[in-house]
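Take a look at the structure set out below.
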Amino acid sequence: QLDRVLLEKLARPVLERSLAVCERLLASHGLGGVETPGIERIVLVGGPTAMPMLRRWIGERLRAPVAERLDAMTLVAQGAALFAATSGLAAVPPPPPPAASRRLWLQFPGISSDLSPHVLGRLAEEPAAGDAAGGGELAGGGEQAGGGQAAARPATVTLVRDDSGFSTRADLDSQGVFVAQVELAPRRPNLFHLAVWAADGSPVVVAPQELTIVHGVTVTDPPLSRGIGVALADDHVEECFARGTPLPARRTLIRRTVEAMAPRSSAALKIPIVQGDFDAAHLCRLVGTIEVAGSELRGSLPSGADVEITLEVDRGGRLAARAHIPGLGQDFQHVAHLVVPEADPATLTAGAAALRERLNRLRTGAFSGGDARLLAELGNAEAALAAVAHDAQAALGGDADAAQKARRTLLELDALITAGEDAGSWPELQAEARSAHATAALWVSEQGDPIEQRHLSEAGKALAAALDRRQPAEVSRQLRLIRRLGHAAYLRQPDVWIWEFDHAAARAGEASDAKAAVKLVAAGRKAVADGDRTALRGIVERLVKLLPADAELRRQGYDSGVQ
């Protein structure tokens with residue numbers, strides 16, 4: 001006899017797992033805690049959410065009231081209707097560009113669930129007299145262009161929403177580029193009128209003169225739960241797919257080898273593939289390695305040779321990687337890894353074994369650090385892994401439900417173990433973030449333009465907020481922006497290439513080609529004496545290619561052979 005008491009007892013483990021997923025997701029966005037609840041109401045969808053026990057637990061655990069008077073059985077259809085109502089755009093062709101207009105390229109989301117999206121624009125170079133005005137074009141849901149004639153030197157751009165409820169102004173830099181954050185009225189199309197002004201206040205005629213962004217829910221392919229990239233020899237990560245990238249996804253990047261390799265040798269070039277949201281490779285998890293064996297090379301592979309690396313993740317979460325060496329015309333693809341586990345018994349068993357290995361390492365660290373809370377959570381993970389082994393055996397006998405249950409459990413355990421690993425890396429990430437921000441602030445304050453200084457200030461505030469909320473992915477994202485701004489300003493220092501030359505020349509004895517390094521050092525000293533900064537830059541770039549990667553950094557970067 002199935003009464004309420006027995007039903008609630010049977011459902012308790014499932015509800016516990018579901019709530020744990022919700023709590024982890026909210027915590028990763030700085031929500032749901034005692035100090036920052038951040039949730040006004042909880043909307044439940046689907047027939048099982050009518051269960052009184054579920055409603056009571058959700059309200060208590062997530063610290064927010066459950067929305068009443070909503071039909072959980074028809075809510076999805078209501079949402080689809082709302083989406084359809086906000087997505088309709090008038091099928092009217094854009095007006096022709098005005099005569100004597102300047103072409104303005106725009107990039108923005110056609111549909112955005114964010115109420116404060118960004119608009120990126122670039123004013124094209126002033127065309128020669130007599131050029132015909134061009135028409136508009138839409139690319140990727142939000143890229144437009146118009147043609148034009150010569151106009152006054154532009155200085156600022158204004159965007160005004162058609163209901164006059166919002167307006168903003170942005171400065172154009174020396175390249176004619178601007179970035180503006182706009183505010184959307186919810187659940188409807190938002191038309192913005194654009195105007196460009198010269199420094200003396202006179203209008204500059206541009207095309208297009210308006211853009212539309214619809215506020216609504218976007219329906220996409222399944223997203224990637226964590227970033228994936230290539231570990232480099234300097235312990236950094238070249239990110240290929242950011243967290244949240246819709247699947248399937250594919251990208252090719254070009255890197256250079258750090259050392260020479262002879263054909264038919266016993267050496268191997270390693271290209272590690274890592275998963276995680278950190279810039280430092282050793283803080284991410286190794287998920288595969290492409291190996292280029294010397295015994296398979298058709299010819300010599302010199303130091304600094306180009307390697308084309310292609311990563312691809314399909315909808316099922318299977319990661320495939322390939323390395324192509326253009327100089328030899330050879331391909332290497334010795335890696336295939338599941339980022340998201342499939343439900344076949346062999347994959348489930350292999351996934352459970354990999355998680356157990358990570359669990360043992362994490363438990364050892366928690367025991368050494370005396371982290372009682374983490375040890376208790378890992379004890380529950382051990383029991384869940386035992387259940388996965390049981391379900392995998394049932395799947396082997398043809399039980400499809402057991403296979404799907406094991407797959408879900410592996411995903412939940414992966415998230416739990418990853419959270420523990422991220423927590424262990426947090427102090428190092430904090431120190432790295434503060435150091436990088438201080439360094440970038442120094443260079444940008446000296447050599448950055450006002451737009452770069454403003455962007456650094458905004459990134460610094462976002463970084464501080466992410467540090468307060470303990471959000472590793474957001475910290476790493478802001479760090480990448482801060483480093484780019486700092487590096488761009490650093491390269492504008494008048495003596496930057498003298499500094500870089502001195503640093504490289506001091507290591508010339510380590511070069512793979514000693515004779516070439518000696519010649520480059522002599523040529524560099526002459527360029528310094530002559531004050532020829534352009535020649536010096538080229539010399540430094542060639543000299544750096546001859547220098548080996550730092551041994552310790554390379555070890556931390558999973559012995560990567562590319563940079």
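Order determines the names: the first chain of the structure tokens is A, the second B, and so forth; residues in each chain are numbered 1 upward, and ligands are numbered 1 upward as they are shown.
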Close residues, stretch 481-496 of chain A itself excluded, 8 Å, only C-alpha atoms, min 2 positions apart in chain, as a PDB file with all heavy atoms, in the first residue's frame:
ATOM      1  N   ALA A 436      47.205  40.917 -10.894  1.00  0.00           N
ATOM      2  CA  ALA A 436      47.004  41.294 -12.295  1.00  0.00           C
ATOM      3  C   ALA A 436      46.287  42.632 -12.414  1.00  0.00           C
ATOM      4  O   ALA A 436      46.622  43.453 -13.277  1.00  0.00           O
ATOM      5  CB  ALA A 436      46.208  40.197 -13.012  1.00  0.00           C
ATOM      6  N   HIS A 437      45.315  42.880 -11.545  1.00  0.00           N
ATOM      7  CA  HIS A 437      44.585  44.147 -11.605  1.00  0.00           C
ATOM      8  C   HIS A 437      45.493  45.318 -11.239  1.00  0.00           C
ATOM      9  O   HIS A 437      45.449  46.374 -11.886  1.00  0.00           O
ATOM     10  CB  HIS A 437      43.385  44.099 -10.665  1.00  0.00           C
ATOM     11  CG  HIS A 437      42.533  45.323 -10.736  1.00  0.00           C
ATOM     12  ND1 HIS A 437      42.262  46.114  -9.640  1.00  0.00           N
ATOM     13  CD2 HIS A 437      41.928  45.936 -11.794  1.00  0.00           C
ATOM     14  CE1 HIS A 437      41.506  47.141 -10.011  1.00  0.00           C
ATOM     15  NE2 HIS A 437      41.294  47.052 -11.304  1.00  0.00           N
ATOM     16  N   THR A 439      48.766  45.480 -11.612  1.00  0.00           N
ATOM     17  CA  THR A 439      49.713  45.693 -12.711  1.00  0.00           C
ATOM     18  C   THR A 439      49.049  46.404 -13.891  1.00  0.00           C
ATOM     19  O   THR A 439      49.593  47.361 -14.451  1.00  0.00           O
ATOM     20  CB  THR A 439      50.292  44.348 -13.182  1.00  0.00           C
ATOM     21  OG1 THR A 439      50.928  43.700 -12.075  1.00  0.00           O
ATOM     22  CG2 THR A 439      51.297  44.543 -14.301  1.00  0.00           C
ATOM     23  N   ALA A 440      47.844  45.949 -14.257  1.00  0.00           N
ATOM     24  CA  ALA A 440      47.139  46.576 -15.372  1.00  0.00           C
ATOM     25  C   ALA A 440      46.797  48.025 -15.051  1.00  0.00           C
ATOM     26  O   ALA A 440      46.888  48.904 -15.917  1.00  0.00           O
ATOM     27  CB  ALA A 440      45.870  45.784 -15.698  1.00  0.00           C
ATOM     28  N   ALA A 441      46.399  48.299 -13.809  1.00  0.00           N
ATOM     29  CA  ALA A 441      46.050  49.665 -13.425  1.00  0.00           C
ATOM     30  C   ALA A 441      47.249  50.605 -13.575  1.00  0.00           C
ATOM     31  O   ALA A 441      47.099  51.766 -13.981  1.00  0.00           O
ATOM     32  CB  ALA A 441      45.530  49.685 -11.994  1.00  0.00           C
ATOM     33  N   TRP A 443      49.836  50.322 -15.771  1.00  0.00           N
ATOM     34  CA  TRP A 443      50.119  50.626 -17.176  1.00  0.00           C
ATOM     35  C   TRP A 443      49.012  51.455 -17.818  1.00  0.00           C
ATOM     36  O   TRP A 443      49.292  52.382 -18.588  1.00  0.00           O
ATOM     37  CB  TRP A 443      50.323  49.329 -17.972  1.00  0.00           C
ATOM     38  CG  TRP A 443      51.483  48.498 -17.525  1.00  0.00           C
ATOM     39  CD1 TRP A 443      51.468  47.200 -17.118  1.00  0.00           C
ATOM     40  CD2 TRP A 443      52.851  48.918 -17.412  1.00  0.00           C
ATOM     41  NE1 TRP A 443      52.719  46.776 -16.772  1.00  0.00           N
ATOM     42  CE2 TRP A 443      53.598  47.813 -16.947  1.00  0.00           C
ATOM     43  CE3 TRP A 443      53.520  50.123 -17.665  1.00  0.00           C
ATOM     44  CZ2 TRP A 443      54.962  47.871 -16.726  1.00  0.00           C
ATOM     45  CZ3 TRP A 443      54.892  50.179 -17.447  1.00  0.00           C
ATOM     46  CH2 TRP A 443      55.599  49.071 -16.988  1.00  0.00           C
ATOM     47  N   VAL A 444      47.751  51.133 -17.517  1.00  0.00           N
ATOM     48  CA  VAL A 444      46.640  51.857 -18.136  1.00  0.00           C
ATOM     49  C   VAL A 444      46.592  53.296 -17.641  1.00  0.00           C
ATOM     50  O   VAL A 444      46.263  54.217 -18.401  1.00  0.00           O
ATOM     51  CB  VAL A 444      45.308  51.129 -17.872  1.00  0.00           C
ATOM     52  CG1 VAL A 444      44.118  51.960 -18.352  1.00  0.00           C
ATOM     53  CG2 VAL A 444      45.300  49.771 -18.578  1.00  0.00           C
ATOM     54  N   GLU A 446      49.112  55.102 -16.971  1.00  0.00           N
ATOM     55  CA  GLU A 446      50.203  55.835 -17.617  1.00  0.00           C
ATOM     56  C   GLU A 446      49.997  55.986 -19.130  1.00  0.00           C
ATOM     57  O   GLU A 446      50.255  57.058 -19.689  1.00  0.00           O
ATOM     58  CB  GLU A 446      51.535  55.122 -17.364  1.00  0.00           C
ATOM     59  CG  GLU A 446      52.004  55.187 -15.918  1.00  0.00           C
ATOM     60  CD  GLU A 446      53.358  54.531 -15.748  1.00  0.00           C
ATOM     61  OE1 GLU A 446      53.942  54.089 -16.763  1.00  0.00           O
ATOM     62  OE2 GLU A 446      53.846  54.453 -14.607  1.00  0.00           O
ATOM     63  N   GLN A 447      49.541  54.906 -19.787  1.00  0.00           N
ATOM     64  CA  GLN A 447      49.521  54.901 -21.252  1.00  0.00           C
ATOM     65  C   GLN A 447      48.142  54.671 -21.860  1.00  0.00           C
ATOM     66  O   GLN A 447      47.996  54.767 -23.074  1.00  0.00           O
ATOM     67  CB  GLN A 447      50.468  53.801 -21.776  1.00  0.00           C
ATOM     68  CG  GLN A 447      51.922  53.995 -21.394  1.00  0.00           C
ATOM     69  CD  GLN A 447      52.536  55.222 -22.042  1.00  0.00           C
ATOM     70  OE1 GLN A 447      52.127  55.624 -23.128  1.00  0.00           O
ATOM     71  NE2 GLN A 447      53.515  55.829 -21.397  1.00  0.00           N
ATOM     72  N   GLY A 448      47.144  54.355 -21.061  1.00  0.00           N
ATOM     73  CA  GLY A 448      45.824  54.070 -21.602  1.00  0.00           C
ATOM     74  C   GLY A 448      45.061  55.336 -21.953  1.00  0.00           C
ATOM     75  O   GLY A 448      45.260  56.394 -21.350  1.00  0.00           O
ATOM     76  N   GLU A 452      39.897  53.196 -22.447  1.00  0.00           N
ATOM     77  CA  GLU A 452      40.518  52.041 -21.795  1.00  0.00           C
ATOM     78  C   GLU A 452      40.494  52.189 -20.285  1.00  0.00           C
ATOM     79  O   GLU A 452      40.279  51.215 -19.551  1.00  0.00           O
ATOM     80  CB  GLU A 452      41.958  51.885 -22.291  1.00  0.00           C
ATOM     81  CG  GLU A 452      42.053  51.395 -23.727  1.00  0.00           C
ATOM     82  CD  GLU A 452      43.478  51.401 -24.245  1.00  0.00           C
ATOM     83  OE1 GLU A 452      44.279  52.251 -23.797  1.00  0.00           O
ATOM     84  OE2 GLU A 452      43.795  50.564 -25.099  1.00  0.00           O
ATOM     85  N   LEU A 456      38.693  49.618 -17.787  1.00  0.00           N
ATOM     86  CA  LEU A 456      39.419  48.975 -16.692  1.00  0.00           C
ATOM     87  C   LEU A 456      38.715  49.223 -15.366  1.00  0.00           C
ATOM     88  O   LEU A 456      38.637  48.326 -14.516  1.00  0.00           O
ATOM     89  CB  LEU A 456      40.863  49.493 -16.635  1.00  0.00           C
ATOM     90  CG  LEU A 456      41.730  48.865 -15.537  1.00  0.00           C
ATOM     91  CD1 LEU A 456      41.903  47.371 -15.796  1.00  0.00           C
ATOM     92  CD2 LEU A 456      43.081  49.540 -15.439  1.00  0.00           C
ATOM     93  N   ALA A 459      35.756  46.897 -15.309  1.00  0.00           N
ATOM     94  CA  ALA A 459      36.199  45.512 -15.113  1.00  0.00           C
ATOM     95  C   ALA A 459      36.686  45.289 -13.684  1.00  0.00           C
ATOM     96  O   ALA A 459      36.473  44.226 -13.100  1.00  0.00           O
ATOM     97  CB  ALA A 459      37.310  45.161 -16.108  1.00  0.00           C
ATOM     98  N   GLY A 460      37.343  46.305 -13.110  1.00  0.00           N
ATOM     99  CA  GLY A 460      37.800  46.193 -11.727  1.00  0.00           C
ATOM    100  C   GLY A 460      36.644  46.054 -10.749  1.00  0.00           C
ATOM    101  O   GLY A 460      36.710  45.263  -9.790  1.00  0.00           O
ATOM    102  N   ARG A 477      36.949  35.480 -16.224  1.00  0.00           N
ATOM    103  CA  ARG A 477      36.491  36.256 -17.383  1.00  0.00           C
ATOM    104  C   ARG A 477      36.939  37.709 -17.288  1.00  0.00           C
ATOM    105  O   ARG A 477      37.445  38.290 -18.254  1.00  0.00           O
ATOM    106  CB  ARG A 477      34.968  36.173 -17.486  1.00  0.00           C
ATOM    107  CG  ARG A 477      34.413  36.715 -18.790  1.00  0.00           C
ATOM    108  CD  ARG A 477      32.928  36.432 -18.887  1.00  0.00           C
ATOM    109  NE  ARG A 477      32.164  37.342 -18.059  1.00  0.00           N
ATOM    110  CZ  ARG A 477      31.749  38.545 -18.442  1.00  0.00           C
ATOM    111  NH1 ARG A 477      32.048  38.980 -19.650  1.00  0.00           N
ATOM    112  NH2 ARG A 477      31.045  39.310 -17.644  1.00  0.00           N
ATOM    113  N   GLN A 478      36.784  38.317 -16.111  1.00  0.00           N
ATOM    114  CA  GLN A 478      37.214  39.699 -15.932  1.00  0.00           C
ATOM    115  C   GLN A 478      38.733  39.814 -15.973  1.00  0.00           C
ATOM    116  O   GLN A 478      39.276  40.815 -16.448  1.00  0.00           O
ATOM    117  CB  GLN A 478      36.669  40.254 -14.605  1.00  0.00           C
ATOM    118  CG  GLN A 478      35.155  40.333 -14.533  1.00  0.00           C
ATOM    119  CD  GLN A 478      34.565  41.229 -15.609  1.00  0.00           C
ATOM    120  OE1 GLN A 478      35.206  42.162 -16.078  1.00  0.00           O
ATOM    121  NE2 GLN A 478      33.337  40.942 -16.008  1.00  0.00           N
ATOM    122  N   LEU A 479      39.423  38.785 -15.486  1.00  0.00           N
ATOM    123  CA  LEU A 479      40.895  38.802 -15.524  1.00  0.00           C
ATOM    124  C   LEU A 479      41.405  38.854 -16.962  1.00  0.00           C
ATOM    125  O   LEU A 479      42.385  39.540 -17.257  1.00  0.00           O
ATOM    126  CB  LEU A 479      41.447  37.556 -14.814  1.00  0.00           C
ATOM    127  CG  LEU A 479      41.898  37.722 -13.378  1.00  0.00           C
ATOM    128  CD1 LEU A 479      42.430  36.401 -12.837  1.00  0.00           C
ATOM    129  CD2 LEU A 479      42.956  38.795 -13.260  1.00  0.00           C
ATOM    130  N   ILE A 498      63.032  47.874 -25.575  1.00  0.00           N
ATOM    131  CA  ILE A 498      64.370  47.788 -24.961  1.00  0.00           C
ATOM    132  C   ILE A 498      64.311  46.856 -23.755  1.00  0.00           C
ATOM    133  O   ILE A 498      65.195  46.003 -23.555  1.00  0.00           O
ATOM    134  CB  ILE A 498      64.863  49.194 -24.552  1.00  0.00           C
ATOM    135  CG1 ILE A 498      65.046  50.070 -25.793  1.00  0.00           C
ATOM    136  CG2 ILE A 498      66.159  49.101 -23.762  1.00  0.00           C
ATOM    137  CD1 ILE A 498      65.484  51.488 -25.485  1.00  0.00           C
ATOM    138  N   TRP A 499      63.252  46.988 -22.935  1.00  0.00           N
ATOM    139  CA  TRP A 499      63.089  46.101 -21.778  1.00  0.00           C
ATOM    140  C   TRP A 499      62.962  44.645 -22.228  1.00  0.00           C
ATOM    141  O   TRP A 499      63.598  43.749 -21.654  1.00  0.00           O
ATOM    142  CB  TRP A 499      61.852  46.486 -20.972  1.00  0.00           C
ATOM    143  CG  TRP A 499      61.840  47.891 -20.465  1.00  0.00           C
ATOM    144  CD1 TRP A 499      62.920  48.711 -20.296  1.00  0.00           C
ATOM    145  CD2 TRP A 499      60.700  48.640 -20.060  1.00  0.00           C
ATOM    146  NE1 TRP A 499      62.524  49.929 -19.815  1.00  0.00           N
ATOM    147  CE2 TRP A 499      61.156  49.910 -19.658  1.00  0.00           C
ATOM    148  CE3 TRP A 499      59.340  48.375 -19.999  1.00  0.00           C
ATOM    149  CZ2 TRP A 499      60.292  50.907 -19.201  1.00  0.00           C
ATOM    150  CZ3 TRP A 499      58.472  49.355 -19.545  1.00  0.00           C
ATOM    151  CH2 TRP A 499      58.941  50.621 -19.146  1.00  0.00           C
ATOM    152  N   GLU A 500      62.128  44.426 -23.260  1.00  0.00           N
ATOM    153  CA  GLU A 500      61.920  43.062 -23.732  1.00  0.00           C
ATOM    154  C   GLU A 500      63.209  42.489 -24.329  1.00  0.00           C
ATOM    155  O   GLU A 500      63.513  41.305 -24.155  1.00  0.00           O
ATOM    156  CB  GLU A 500      60.798  43.046 -24.784  1.00  0.00           C
ATOM    157  CG  GLU A 500      59.421  43.372 -24.238  1.00  0.00           C
ATOM    158  CD  GLU A 500      58.910  42.309 -23.293  1.00  0.00           C
ATOM    159  OE1 GLU A 500      59.056  41.106 -23.604  1.00  0.00           O
ATOM    160  OE2 GLU A 500      58.380  42.672 -22.218  1.00  0.00           O
TER     161      GLU A 500
END
Tell me which protein, DNA and RNA residues are within 6 Å of stretch 537-544 of chain A, counting only C-alpha atoms, leaving out same-chain ones fewer than 2 positions away, and put them as a list in words. Trp497, Phe501, Thr534, Ala535, Leu546 and Leu547 of chain A
Just to be explicit: take each residue in the selection above, keep N, CA and C atoms, and write the result as a PDB file, in the first residue's frame.
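The new file out_26.pdb reads:
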ATOM      1  N   TRP A 497      60.321  47.871 -25.896  1.00  0.00           N
ATOM      2  CA  TRP A 497      61.078  46.872 -26.648  1.00  0.00           C
ATOM      3  C   TRP A 497      62.535  46.808 -26.204  1.00  0.00           C
ATOM      4  N   PHE A 501      63.986  43.348 -25.011  1.00  0.00           N
ATOM      5  CA  PHE A 501      65.247  42.872 -25.582  1.00  0.00           C
ATOM      6  C   PHE A 501      66.231  42.494 -24.478  1.00  0.00           C
ATOM      7  N   THR A 534      61.455  49.997 -34.438  1.00  0.00           N
ATOM      8  CA  THR A 534      60.767  49.057 -35.327  1.00  0.00           C
ATOM      9  C   THR A 534      61.624  47.823 -35.580  1.00  0.00           C
ATOM     10  N   ALA A 535      62.898  48.034 -35.902  1.00  0.00           N
ATOM     11  CA  ALA A 535      63.797  46.906 -36.129  1.00  0.00           C
ATOM     12  C   ALA A 535      63.981  46.095 -34.848  1.00  0.00           C
ATOM     13  N   LEU A 546      63.358  31.523 -30.272  1.00  0.00           N
ATOM     14  CA  LEU A 546      64.470  30.588 -30.076  1.00  0.00           C
ATOM     15  C   LEU A 546      64.625  30.163 -28.613  1.00  0.00           C
ATOM     16  N   LEU A 547      63.922  30.832 -27.704  1.00  0.00           N
ATOM     17  CA  LEU A 547      64.105  30.561 -26.281  1.00  0.00           C
ATOM     18  C   LEU A 547      63.146  29.477 -25.802  1.00  0.00           C
TER      19      LEU A 547
END
Which of stretch 251-288 of chain A counts as strand (DSSP E or B) under DSSP, as number ranges by chain please? A: 251-257, 261, 268-275, 280, 285-288
Could you write those residues out with N, CA, C and O atoms, as an mmCIF file, in the first residue's frame?
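Output (again_9.cif):
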data_model
loop_
_atom_site.group_PDB
_atom_site.id
_atom_site.type_symbol
_atom_site.label_atom_id
_atom_site.label_comp_id
_atom_site.auth_asym_id
_atom_site.auth_seq_id
_atom_site.Cartn_x
_atom_site.Cartn_y
_atom_site.Cartn_z
ATOM 1 N N ARG A 251 36.116 25.030 -33.206
ATOM 2 C CA ARG A 251 37.024 26.158 -33.364
ATOM 3 C C ARG A 251 38.419 25.661 -33.702
ATOM 4 O O ARG A 251 38.855 24.612 -33.210
ATOM 5 N N THR A 252 39.119 26.439 -34.530
ATOM 6 C CA THR A 252 40.507 26.148 -34.885
ATOM 7 C C THR A 252 41.383 27.317 -34.458
ATOM 8 O O THR A 252 41.032 28.474 -34.693
ATOM 9 N N LEU A 253 42.511 27.035 -33.817
ATOM 10 C CA LEU A 253 43.471 28.064 -33.447
ATOM 11 C C LEU A 253 44.866 27.632 -33.869
ATOM 12 O O LEU A 253 45.111 26.444 -34.098
ATOM 13 N N ILE A 254 45.758 28.592 -33.995
ATOM 14 C CA ILE A 254 47.131 28.315 -34.430
ATOM 15 C C ILE A 254 48.090 28.677 -33.302
ATOM 16 O O ILE A 254 48.065 29.793 -32.785
ATOM 17 N N ARG A 255 48.920 27.725 -32.905
ATOM 18 C CA ARG A 255 49.971 27.953 -31.901
ATOM 19 C C ARG A 255 51.315 27.514 -32.487
ATOM 20 O O ARG A 255 51.357 26.926 -33.584
ATOM 21 N N ARG A 256 52.394 27.797 -31.743
ATOM 22 C CA ARG A 256 53.746 27.461 -32.220
ATOM 23 C C ARG A 256 54.400 26.443 -31.291
ATOM 24 O O ARG A 256 54.160 26.453 -30.083
ATOM 25 N N THR A 257 55.238 25.581 -31.873
ATOM 26 C CA THR A 257 55.969 24.603 -31.055
ATOM 27 C C THR A 257 57.062 25.304 -30.252
ATOM 28 O O THR A 257 57.603 26.328 -30.681
ATOM 29 N N MET A 261 61.887 18.957 -33.092
ATOM 30 C CA MET A 261 61.737 17.511 -32.945
ATOM 31 C C MET A 261 62.174 16.843 -34.243
ATOM 32 O O MET A 261 61.740 17.241 -35.338
ATOM 33 N N ALA A 268 58.033 13.290 -28.084
ATOM 34 C CA ALA A 268 56.631 13.501 -28.449
ATOM 35 C C ALA A 268 56.237 14.931 -28.103
ATOM 36 O O ALA A 268 56.640 15.468 -27.075
ATOM 37 N N LEU A 269 55.473 15.544 -28.981
ATOM 38 C CA LEU A 269 54.924 16.872 -28.742
ATOM 39 C C LEU A 269 53.538 16.701 -28.127
ATOM 40 O O LEU A 269 52.669 16.064 -28.727
ATOM 41 N N LYS A 270 53.320 17.264 -26.942
ATOM 42 C CA LYS A 270 52.039 17.131 -26.247
ATOM 43 C C LYS A 270 51.230 18.423 -26.368
ATOM 44 O O LYS A 270 51.765 19.509 -26.185
ATOM 45 N N ILE A 271 49.954 18.268 -26.665
ATOM 46 C CA ILE A 271 49.021 19.400 -26.718
ATOM 47 C C ILE A 271 47.874 19.067 -25.765
ATOM 48 O O ILE A 271 46.920 18.378 -26.145
ATOM 49 N N PRO A 272 47.960 19.519 -24.502
ATOM 50 C CA PRO A 272 46.944 19.146 -23.516
ATOM 51 C C PRO A 272 45.639 19.930 -23.714
ATOM 52 O O PRO A 272 45.658 21.133 -23.985
ATOM 53 N N ILE A 273 44.512 19.253 -23.579
ATOM 54 C CA ILE A 273 43.182 19.861 -23.628
ATOM 55 C C ILE A 273 42.651 19.893 -22.195
ATOM 56 O O ILE A 273 42.639 18.853 -21.519
ATOM 57 N N VAL A 274 42.264 21.068 -21.723
ATOM 58 C CA VAL A 274 41.840 21.203 -20.326
ATOM 59 C C VAL A 274 40.413 21.743 -20.264
ATOM 60 O O VAL A 274 39.927 22.408 -21.184
ATOM 61 N N GLN A 275 39.761 21.468 -19.140
ATOM 62 C CA GLN A 275 38.400 21.931 -18.904
ATOM 63 C C GLN A 275 38.375 22.694 -17.583
ATOM 64 O O GLN A 275 38.887 22.239 -16.573
ATOM 65 N N ALA A 280 44.956 29.883 -15.482
ATOM 66 C CA ALA A 280 46.128 29.044 -15.216
ATOM 67 C C ALA A 280 45.788 27.591 -15.548
ATOM 68 O O ALA A 280 44.796 27.042 -15.060
ATOM 69 N N ARG A 285 41.227 21.086 -15.268
ATOM 70 C CA ARG A 285 41.295 19.628 -15.296
ATOM 71 C C ARG A 285 41.689 19.149 -16.687
ATOM 72 O O ARG A 285 41.113 19.583 -17.688
ATOM 73 N N LEU A 286 42.677 18.265 -16.731
ATOM 74 C CA LEU A 286 43.117 17.685 -18.002
ATOM 75 C C LEU A 286 42.069 16.678 -18.474
ATOM 76 O O LEU A 286 41.715 15.747 -17.750
ATOM 77 N N VAL A 287 41.545 16.888 -19.693
ATOM 78 C CA VAL A 287 40.528 15.977 -20.220
ATOM 79 C C VAL A 287 41.007 15.231 -21.464
ATOM 80 O O VAL A 287 40.291 14.372 -21.983
ATOM 81 N N GLY A 288 42.175 15.527 -21.947
ATOM 82 C CA GLY A 288 42.706 14.818 -23.105
ATOM 83 C C GLY A 288 44.006 15.440 -23.568
ATOM 84 O O GLY A 288 44.325 16.576 -23.220
#
List as a list in words the protein and nucleic acid residues near A:Arg264, meaning an atom at most 10 Å away when only C-alpha atoms are counted, but skip any in the same chain fewer than 4 places from it. Ala293, Gly294, Ser295, Glu296, Leu297, Arg298, Gly299 and Ser300 of chain A
Grab the atom CA of A:Val313 to atom CA of A:Ser425 distance for me, in Å with one decimal place.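 Calculated distance between atom CA of A:Val313 and atom CA of A:Ser425 is 26.4 Å.
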Pick from A:Val14, A:Leu396, A:Val179, A:Leu191 nearest to A:Gly165, counting only C-alpha atoms: A:Leu191
Closest to A:Leu362 among A:Ala423, A:Ala50, A:Ile228, A:Val206, using only C-alpha atoms? A:Ala423
Each stretch 156-212 of chain A residue no farther than 12 Å from stretch 71-83 of chain A, nearest pair in Å, only C-alpha atoms, as a Markdown table:
| residue | atom | partner | partner_atom | distance |
| --- | --- | --- | --- | --- |
| A:Pro186 | CA | A:Leu82 | CA | 11.6 |
| A:Arg187 | CA | A:Leu82 | CA | 8.1 |
| A:Arg188 | CA | A:Phe83 | CA | 9.6 |
| A:Pro189 | CA | A:Phe83 | CA | 11.5 |
Tell me which protein, DNA and RNA residues are within 6 Å of stretch 151-163 of chain A, counting only C-alpha atoms, leaving out same-chain ones fewer than 2 positions away, and put them as number ranges by chain. A: 165-172, 191-199
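For the choices A:Leu232, A:Ala350, A:Arg250, A:Arg356, the atom-to-atom distance to A:Ala549 is smallest for A:Leu232 when using only C-alpha atoms.
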Shell around A:Ala386 at 12 Å using only C-alpha atoms, local window under 2 positions removed, as a short mmCIF file (atom, residue, chain, number, x, y, z; two decimals) with C-alpha atoms, in the first residue's frame:
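Final file, part_25.cif:
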data_model
loop_
_atom_site.label_atom_id
_atom_site.label_comp_id
_atom_site.auth_asym_id
_atom_site.auth_seq_id
_atom_site.Cartn_x
_atom_site.Cartn_y
_atom_site.Cartn_z
CA THR A 349 31.78 2.74 -15.89
CA ALA A 352 32.69 6.60 -12.57
CA ALA A 353 36.33 5.45 -12.46
CA LEU A 355 35.39 10.59 -10.86
CA ARG A 356 36.60 8.19 -8.18
CA GLY A 379 31.23 10.77 1.94
CA ASN A 380 27.86 11.21 0.25
CA ALA A 381 29.64 11.24 -3.12
CA GLU A 382 31.22 7.88 -2.33
CA ALA A 383 27.79 6.37 -1.71
CA ALA A 384 26.49 7.88 -4.95
CA VAL A 388 26.31 4.39 -10.20
CA ALA A 389 28.18 1.08 -10.33
CA HIS A 390 24.95 -0.77 -9.48
CA ASP A 391 22.97 1.18 -12.11
CA ALA A 392 25.66 0.62 -14.74
CA GLN A 393 25.33 -3.13 -14.19
CA ALA A 406 23.48 6.81 -13.55
CA THR A 409 24.22 11.07 -10.96
CA LEU A 410 27.59 11.34 -12.72
CA LEU A 413 28.93 14.27 -8.81
#
